[in-house]
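Engineer: I am attaching a structure below and will ask some questions about it afterwards.
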Amino acid sequence: MNESLWDLLLRSFLPIVGGAVTGTIPLALLSFALGLVIALGIALMRLSRIFVVSGIARVYISIIRGTPLLVQLFVIFYGLPSIGILVDPWPSAIIAFSLNVGGYAAEVIRAAILSVPKGQWEAGYTIGMSRGQTLVRVILPQAARVSVPPLSNTFISLVKDTSLASLILVTELFRQAQEIAAFSQEFMALYIEAAVVYWVICLVLSSAQSVLEKRLDRYVAH
Amino acid sequence: MSPTDPLAPAPLDAPIEAPLLVARGIRKSFGEVEVLKSIDLTVPRGDVVALIGPSGSGKTTVLRSLNGLEVPEAGTVAFAGGDVVDFAERPTKRQLASLRDRSAMVFQQFNLFPHRTVLENVIEGPVQVQKRPKAEAIADARALLERVGLGAKADAYPFELSGGQQQRVGIVRALALKPQLLLFDEPTSALDPELVGDVLDVIRELATEGWTMVLVTHELTFATHVADTIVFMDGGVVVESGPPSEVLQNPREPRTKQFLHRLLDR
């Protein structure tokens with residue numbers, strides 16, 4: 001490798017990591033947090049005995065899972081303006097990603113809630129708790145343990161999917177790499193550099209996942 | 001409702017003779033199967049009522065109807081001084097709460113909260129539901145745990161305990177609510193034989209102290225000693241009921257005799 005290429009990689013490192021810190025990471029964190037709130041709501045709707053309510057949740061999940069994320073992103077950013085709704089790049093990305101996470105994570109949360117034995121609900125009721133209280137204090141803490149591995153998957157996918165936001169003009173990790181690559185014409189080097197930064201972020205997330213799993217496993221027999 | 005109606009709610013300062021709980025005409029079907037065919041049950045204050053009978057006789061369903069874990073299609077359940085809950089209509093939250101506030105249940109499978117320590121399990125109801133001061137609830141919980149020999153296990157998680165210990169925590173969790181009625185659903189059926197004794201000892205002690213209890217059990221010898229009334233059920237009906245000396249030692253009904261014979265032959 002010649003010296004100017006090394007130099008380029010070093011000089012581009014800061015802008016790319018900067019793109020991760022100011023773009024990719026906050027975008028992923030914010031969208032995931034909002035997405036989980038949506039997912040919990042959709043999961044509870046899906047579990048509802050009222051047909052219309054569970055039906056709405058089913059349709060939502062079906063649309064989110066049945067259409068590409070890139071298309072969802074484009075509908076919001078490039079589509080909505082044609083009916084008079086202008087959304088800036090950042091809000092567009094956050095809306096699209098959190099709606100997307102909401103759809104996928106809803107099924108994870110629903111399955112996790114169903115995995116908690118029925119006797120736990122009954123124990124909650126017999127000590128006088130309401131449905132909501134039992135859900136929050138008895139069921140969800142146990143469901144959380146079960147859902148950490150699949151939700152970690154969702155989160156790691158999301159981190160990588162945020163690269164799609166570069167296509168709606170959000171300045172994040174990949175867009176920084178693209179711009180420097182276009183300018184320097186060193187595509188291979190810069191895209192591999194971007195890939196390595198994504199990989200490192202995901203490695204950190206994987207180890208965070210193990211820490212969280214250990215913490216939530218402290219009350220389970222081994 | 002006329003004053004002579006046995007279902008009329010007694011005033012709060014009801015005389016001690018008024019039954020604590022009266023259930024009338026409880027019917028329940030699971031799909032096509034009618035599991036309860038009009039069950040009546042009266043639980044006098046301070047008494048222990050034991051429900052016995054073969055598997056599938058409906059005894060657990062009766063027990064679970066008393067606190068609305070099972071919602072019967074028909075029938076009424078009323079505590080002295082409380083609402084008459086008529087299951088002909090879908091019970092309201094308030095009605096279910098009125099049943100559950102007065103009773104507490106001990107489950108066959110314990111159903112302790114696995115993510116909470118023993119102490120947290122016990123204070124959950126008093127603190128979160130009854131809004132009692134936490135310090136007071138903790139002091140009460142520790143005293144109760146001490147009484148059942150689990151004072152040292154307050155900070156353990158349920159998985160660290162044996163089945164017998166878990167069930168004693170289950171009993172303490174029920175007692176901590178200071179209920180008027182304790183419901184036991186086969187409390188020793190999930191235990192290894194050598195652990196049954198400890199749990200039965202605790203229940204026996206509670207009976208001696210005057211707790212009102214309804215108990216579904218297969219432990220006939222135990223029932224003979226602690227129960228004031230034995231209710232023998234089969235096929236969704238009460239076949240016969242009365243003091244243990246009658247129902248267990250001198251049964252009138254052929255079905256009761258048959259059931260007791262089969263158990264004794266083993």
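If you're wondering about the labels, chains in the structure tokens are A, B, ... by order shown, residues count from 1 in each chain, ligands from 1 in order shown.
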Taking a cut-off of 10 Å and counting only C-alpha atoms, can you build a table that, for each residue of chain B near chain A, reports the nearest atom pair and how far apart they are in Å (one decimal), sorted by chain then residue number, as a Markdown table?
Structural biologist:
```
| residue | atom | partner | partner_atom | distance |
| --- | --- | --- | --- | --- |
| B:Asn67 | CA | A:Thr126 | CA | 7.5 |
| B:Gly68 | CA | A:Thr126 | CA | 9.1 |
| B:Leu69 | CA | A:Glu122 | CA | 7.0 |
| B:Lys93 | CA | A:Ser130 | CA | 8.5 |
| B:Leu96 | CA | A:Gly128 | CA | 9.2 |
| B:Ala97 | CA | A:Gly128 | CA | 6.7 |
| B:Ser98 | CA | A:Gly128 | CA | 9.3 |
| B:Leu99 | CA | A:Gly128 | CA | 9.2 |
| B:Arg100 | CA | A:Gly128 | CA | 5.7 |
| B:Asp101 | CA | A:Gly128 | CA | 6.0 |
| B:Arg102 | CA | A:Gly128 | CA | 9.2 |
| B:Ser103 | CA | A:Thr126 | CA | 7.6 |
| B:Ala104 | CA | A:Thr126 | CA | 5.8 |
| B:Met105 | CA | A:Thr126 | CA | 6.1 |
| B:Val106 | CA | A:Ala123 | CA | 8.6 |
| B:Phe107 | CA | A:Ala123 | CA | 8.2 |
| B:Gln108 | CA | A:Gly119 | CA | 9.8 |
| B:Gln109 | CA | A:Gly119 | CA | 8.0 |
| B:Phe110 | CA | A:Gly119 | CA | 8.6 |
| B:Asn111 | CA | A:Gly119 | CA | 5.7 |
| B:Leu112 | CA | A:Ala123 | CA | 7.4 |
| B:Phe113 | CA | A:Val138 | CA | 6.9 |
| B:Pro114 | CA | A:Tyr219 | CA | 6.5 |
| B:His115 | CA | A:Tyr219 | CA | 5.6 |
| B:Arg116 | CA | A:Tyr219 | CA | 7.6 |
| B:Thr117 | CA | A:Tyr219 | CA | 8.4 |
| B:Val122 | CA | A:Ile127 | CA | 9.8 |
| B:Glu124 | CA | A:Ile127 | CA | 8.1 |
| B:Gly125 | CA | A:Ile127 | CA | 5.3 |
| B:Pro126 | CA | A:Ile127 | CA | 8.4 |
| B:Gln128 | CA | A:Met129 | CA | 8.0 |
| B:Val129 | CA | A:Met129 | CA | 6.1 |
| B:Gln130 | CA | A:Gly128 | CA | 8.2 |
| B:Ala156 | CA | A:Tyr219 | CA | 9.0 |
| B:Tyr157 | CA | A:Tyr219 | CA | 6.0 |
| B:Pro158 | CA | A:Tyr219 | CA | 7.8 |
| B:Phe159 | CA | A:Ala221 | CA | 5.7 |
| B:Glu160 | CA | A:Ala221 | CA | 7.4 |
| B:Gly170 | CA | A:Ala123 | CA | 9.6 |
| B:Arg173 | CA | A:Ile127 | CA | 8.3 |
| B:Ala174 | CA | A:Ile127 | CA | 7.3 |
| B:Ala176 | CA | A:Ile127 | CA | 9.5 |
| B:Leu177 | CA | A:Ile127 | CA | 7.2 |
| B:Pro179 | CA | A:Ile127 | CA | 9.7 |
| B:Leu183 | CA | A:Thr126 | CA | 9.9 |
```
Engineer: Limited to C-alpha atoms, could you put the picked residues into a file as a JSON list (two decimals), in the first residue's frame?
Structural biologist:
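Below is the file out14.json, written as the result:
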```
[["chain", "number", "residue", "atom", "x", "y", "z"],
["B", 67, "ASN", "CA", -61.71, -15.20, 43.28],
["B", 68, "GLY", "CA", -62.71, -14.83, 39.65],
["B", 69, "LEU", "CA", -59.64, -16.50, 38.13],
["B", 93, "LYS", "CA", -63.30, -4.89, 37.54],
["B", 96, "LEU", "CA", -63.44, -8.93, 40.76],
["B", 97, "ALA", "CA", -61.42, -6.61, 42.96],
["B", 98, "SER", "CA", -63.95, -7.04, 45.76],
["B", 99, "LEU", "CA", -63.37, -10.82, 45.63],
["B", 100, "ARG", "CA", -59.60, -10.57, 45.29],
["B", 101, "ASP", "CA", -59.17, -7.96, 48.01],
["B", 102, "ARG", "CA", -60.67, -10.33, 50.53],
["B", 103, "SER", "CA", -58.92, -13.49, 49.47],
["B", 104, "ALA", "CA", -55.43, -14.67, 48.69],
["B", 105, "MET", "CA", -54.37, -17.78, 46.84],
["B", 106, "VAL", "CA", -51.64, -20.36, 47.19],
["B", 107, "PHE", "CA", -50.96, -22.19, 43.93],
["B", 108, "GLN", "CA", -49.98, -25.77, 43.18],
["B", 109, "GLN", "CA", -47.01, -24.51, 41.14],
["B", 110, "PHE", "CA", -46.20, -21.75, 43.70],
["B", 111, "ASN", "CA", -46.17, -19.04, 40.98],
["B", 112, "LEU", "CA", -43.63, -16.95, 42.84],
["B", 113, "PHE", "CA", -42.25, -14.02, 40.86],
["B", 114, "PRO", "CA", -38.88, -15.39, 39.71],
["B", 115, "HIS", "CA", -37.36, -11.96, 39.11],
["B", 116, "ARG", "CA", -37.93, -10.81, 42.65],
["B", 117, "THR", "CA", -36.33, -11.95, 45.89],
["B", 122, "VAL", "CA", -43.93, -10.99, 49.87],
["B", 124, "GLU", "CA", -45.27, -6.75, 46.37],
["B", 125, "GLY", "CA", -48.99, -6.90, 47.18],
["B", 126, "PRO", "CA", -48.91, -4.91, 50.43],
["B", 128, "GLN", "CA", -47.91, -1.95, 45.29],
["B", 129, "VAL", "CA", -51.59, -2.80, 45.75],
["B", 130, "GLN", "CA", -52.49, -1.99, 49.33],
["B", 156, "ALA", "CA", -32.71, -15.31, 48.03],
["B", 157, "TYR", "CA", -34.34, -15.66, 44.62],
["B", 158, "PRO", "CA", -37.05, -18.31, 44.27],
["B", 159, "PHE", "CA", -34.84, -20.56, 42.09],
["B", 160, "GLU", "CA", -32.43, -20.88, 45.02],
["B", 170, "GLY", "CA", -46.19, -18.66, 48.55],
["B", 173, "ARG", "CA", -47.05, -13.95, 50.24],
["B", 174, "ALA", "CA", -50.75, -14.74, 50.70],
["B", 176, "ALA", "CA", -48.95, -10.70, 53.97],
["B", 177, "LEU", "CA", -52.07, -9.41, 52.23],
["B", 179, "PRO", "CA", -56.87, -11.55, 53.60],
["B", 183, "LEU", "CA", -57.46, -20.34, 49.04]]
```
Engineer: As a PyMOL selection string, please: the residues near A:Thr171 (cut-off 7 Å, only C-alpha atoms, same-chain neighbours under 5 positions excluded).
Structural biologist: chain A and resi 19+23+166+176
Engineer: Would you give me, as number ranges by chain, the residues in stretch 7-235 of chain B that DSSP reads as strand (DSSP E or B)?
Structural biologist: B: 21-30, 33-43, 48-52, 74-79, 84-86, 103-106, 181-185, 212-216, 229-234
Engineer: Residues within 10 Å of A:Trp90, please, as a PyMOL selection string. Count only C-alpha atoms; anything in the same chain fewer than 2 positions from it doesn't count.
Structural biologist: chain A and resi 23+27+77+87-88+92-96+165+168-171
Engineer: Create the file for the chosen residues now, containing N, CA and C atoms and written as a PDB file, in the first residue's frame.
Structural biologist:
```
ATOM      1  N   GLY A  23     -24.138  10.947  13.459  1.00  0.00           N
ATOM      2  CA  GLY A  23     -25.212  10.481  12.586  1.00  0.00           C
ATOM      3  C   GLY A  23     -25.699   9.096  12.949  1.00  0.00           C
ATOM      4  N   LEU A  27     -28.907   8.320  15.476  1.00  0.00           N
ATOM      5  CA  LEU A  27     -30.043   7.903  14.648  1.00  0.00           C
ATOM      6  C   LEU A  27     -30.536   6.529  15.087  1.00  0.00           C
ATOM      7  N   PHE A  77     -39.687  10.590   2.694  1.00  0.00           N
ATOM      8  CA  PHE A  77     -38.870  11.755   2.345  1.00  0.00           C
ATOM      9  C   PHE A  77     -39.180  12.324   0.960  1.00  0.00           C
ATOM     10  N   VAL A  87     -40.923  16.768   5.046  1.00  0.00           N
ATOM     11  CA  VAL A  87     -40.236  16.342   6.264  1.00  0.00           C
ATOM     12  C   VAL A  87     -38.733  16.408   6.002  1.00  0.00           C
ATOM     13  N   ASP A  88     -38.003  16.996   6.931  1.00  0.00           N
ATOM     14  CA  ASP A  88     -36.554  17.117   6.779  1.00  0.00           C
ATOM     15  C   ASP A  88     -35.888  15.743   6.802  1.00  0.00           C
ATOM     16  N   SER A  92     -37.326  12.463   8.870  1.00  0.00           N
ATOM     17  CA  SER A  92     -37.785  11.403   7.960  1.00  0.00           C
ATOM     18  C   SER A  92     -37.138  10.082   8.331  1.00  0.00           C
ATOM     19  N   ALA A  93     -35.820  10.132   8.547  1.00  0.00           N
ATOM     20  CA  ALA A  93     -35.094   8.913   8.861  1.00  0.00           C
ATOM     21  C   ALA A  93     -35.583   8.330  10.181  1.00  0.00           C
ATOM     22  N   ILE A  94     -35.760   9.199  11.178  1.00  0.00           N
ATOM     23  CA  ILE A  94     -36.185   8.691  12.487  1.00  0.00           C
ATOM     24  C   ILE A  94     -37.584   8.094  12.414  1.00  0.00           C
ATOM     25  N   ILE A  95     -38.465   8.776  11.673  1.00  0.00           N
ATOM     26  CA  ILE A  95     -39.825   8.234  11.541  1.00  0.00           C
ATOM     27  C   ILE A  95     -39.781   6.859  10.863  1.00  0.00           C
ATOM     28  N   ALA A  96     -39.071   6.786   9.755  1.00  0.00           N
ATOM     29  CA  ALA A  96     -39.043   5.528   9.000  1.00  0.00           C
ATOM     30  C   ALA A  96     -38.420   4.401   9.820  1.00  0.00           C
ATOM     31  N   ALA A 165     -29.970   5.927   5.258  1.00  0.00           N
ATOM     32  CA  ALA A 165     -30.323   7.336   5.430  1.00  0.00           C
ATOM     33  C   ALA A 165     -29.430   8.236   4.581  1.00  0.00           C
ATOM     34  N   ILE A 168     -31.195   9.713   1.746  1.00  0.00           N
ATOM     35  CA  ILE A 168     -32.097  10.858   1.894  1.00  0.00           C
ATOM     36  C   ILE A 168     -31.331  12.012   2.557  1.00  0.00           C
ATOM     37  N   LEU A 169     -30.048  12.070   2.245  1.00  0.00           N
ATOM     38  CA  LEU A 169     -29.216  13.236   2.567  1.00  0.00           C
ATOM     39  C   LEU A 169     -28.882  13.417   4.037  1.00  0.00           C
ATOM     40  N   VAL A 170     -29.005  12.361   4.841  1.00  0.00           N
ATOM     41  CA  VAL A 170     -28.573  12.466   6.245  1.00  0.00           C
ATOM     42  C   VAL A 170     -27.072  12.237   6.281  1.00  0.00           C
ATOM     43  N   THR A 171     -26.367  13.148   6.922  1.00  0.00           N
ATOM     44  CA  THR A 171     -24.916  13.000   7.004  1.00  0.00           C
ATOM     45  C   THR A 171     -24.582  12.024   8.122  1.00  0.00           C
TER      46      THR A 171
END
```
Engineer: Need to verify the contact set: A:Ile25, 10 Å, only C-alpha atoms, exclusion of same-chain residues closer than 6 positions in sequence. Can you return it as number ranges by chain?
Structural biologist: A: 19, 31, 159, 162, 172-173, 201
Engineer: Of the candidates B:Val118, B:Ile230, B:Val202, B:Leu161, which one gets nearest to B:Ile52 if we count only C-alpha atoms?
Structural biologist: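 With only C-alpha atoms as the atom set, the closest residue is B:Ile230.
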Engineer: Can you pull out every residue within 9 Å of B:Val43, counting only C-alpha atoms, but drop anything in the same chain fewer than 4 positions away, and send it as a PyMOL selection string?
Structural biologist: chain B and resi 19-23+47-49+212-214+229
Engineer: Export N, CA and C atoms of the chosen residues as a PDB file, in the first residue's frame?
Structural biologist:
```pdb
ATOM      1  N   PRO B  19     -71.749 -16.612  57.699  1.00  0.00           N
ATOM      2  CA  PRO B  19     -70.665 -17.211  56.908  1.00  0.00           C
ATOM      3  C   PRO B  19     -69.827 -16.139  56.252  1.00  0.00           C
ATOM      4  N   LEU B  20     -68.527 -16.396  56.156  1.00  0.00           N
ATOM      5  CA  LEU B  20     -67.645 -15.423  55.522  1.00  0.00           C
ATOM      6  C   LEU B  20     -67.899 -15.373  54.024  1.00  0.00           C
ATOM      7  N   LEU B  21     -68.158 -16.550  53.455  1.00  0.00           N
ATOM      8  CA  LEU B  21     -68.325 -16.603  52.006  1.00  0.00           C
ATOM      9  C   LEU B  21     -69.457 -17.556  51.658  1.00  0.00           C
ATOM     10  N   VAL B  22     -70.286 -17.094  50.737  1.00  0.00           N
ATOM     11  CA  VAL B  22     -71.364 -17.954  50.261  1.00  0.00           C
ATOM     12  C   VAL B  22     -71.323 -17.969  48.746  1.00  0.00           C
ATOM     13  N   ALA B  23     -71.237 -19.153  48.184  1.00  0.00           N
ATOM     14  CA  ALA B  23     -71.313 -19.292  46.730  1.00  0.00           C
ATOM     15  C   ALA B  23     -72.544 -20.116  46.409  1.00  0.00           C
ATOM     16  N   ASP B  47     -63.452 -21.325  59.663  1.00  0.00           N
ATOM     17  CA  ASP B  47     -63.473 -22.751  59.331  1.00  0.00           C
ATOM     18  C   ASP B  47     -62.495 -23.099  58.214  1.00  0.00           C
ATOM     19  N   VAL B  48     -62.156 -24.384  58.174  1.00  0.00           N
ATOM     20  CA  VAL B  48     -61.374 -24.905  57.059  1.00  0.00           C
ATOM     21  C   VAL B  48     -62.287 -25.824  56.256  1.00  0.00           C
ATOM     22  N   VAL B  49     -62.464 -25.480  54.990  1.00  0.00           N
ATOM     23  CA  VAL B  49     -63.284 -26.307  54.109  1.00  0.00           C
ATOM     24  C   VAL B  49     -62.352 -26.996  53.122  1.00  0.00           C
ATOM     25  N   THR B 212     -59.600 -18.572  58.050  1.00  0.00           N
ATOM     26  CA  THR B 212     -60.621 -19.215  57.229  1.00  0.00           C
ATOM     27  C   THR B 212     -59.964 -19.661  55.929  1.00  0.00           C
ATOM     28  N   MET B 213     -60.187 -20.917  55.556  1.00  0.00           N
ATOM     29  CA  MET B 213     -59.486 -21.440  54.381  1.00  0.00           C
ATOM     30  C   MET B 213     -60.390 -22.340  53.560  1.00  0.00           C
ATOM     31  N   VAL B 214     -60.170 -22.298  52.269  1.00  0.00           N
ATOM     32  CA  VAL B 214     -60.720 -23.317  51.380  1.00  0.00           C
ATOM     33  C   VAL B 214     -59.526 -23.993  50.730  1.00  0.00           C
ATOM     34  N   THR B 229     -65.035 -28.957  57.499  1.00  0.00           N
ATOM     35  CA  THR B 229     -65.997 -29.499  56.538  1.00  0.00           C
ATOM     36  C   THR B 229     -65.245 -30.124  55.377  1.00  0.00           C
TER      37      THR B 229
END
```
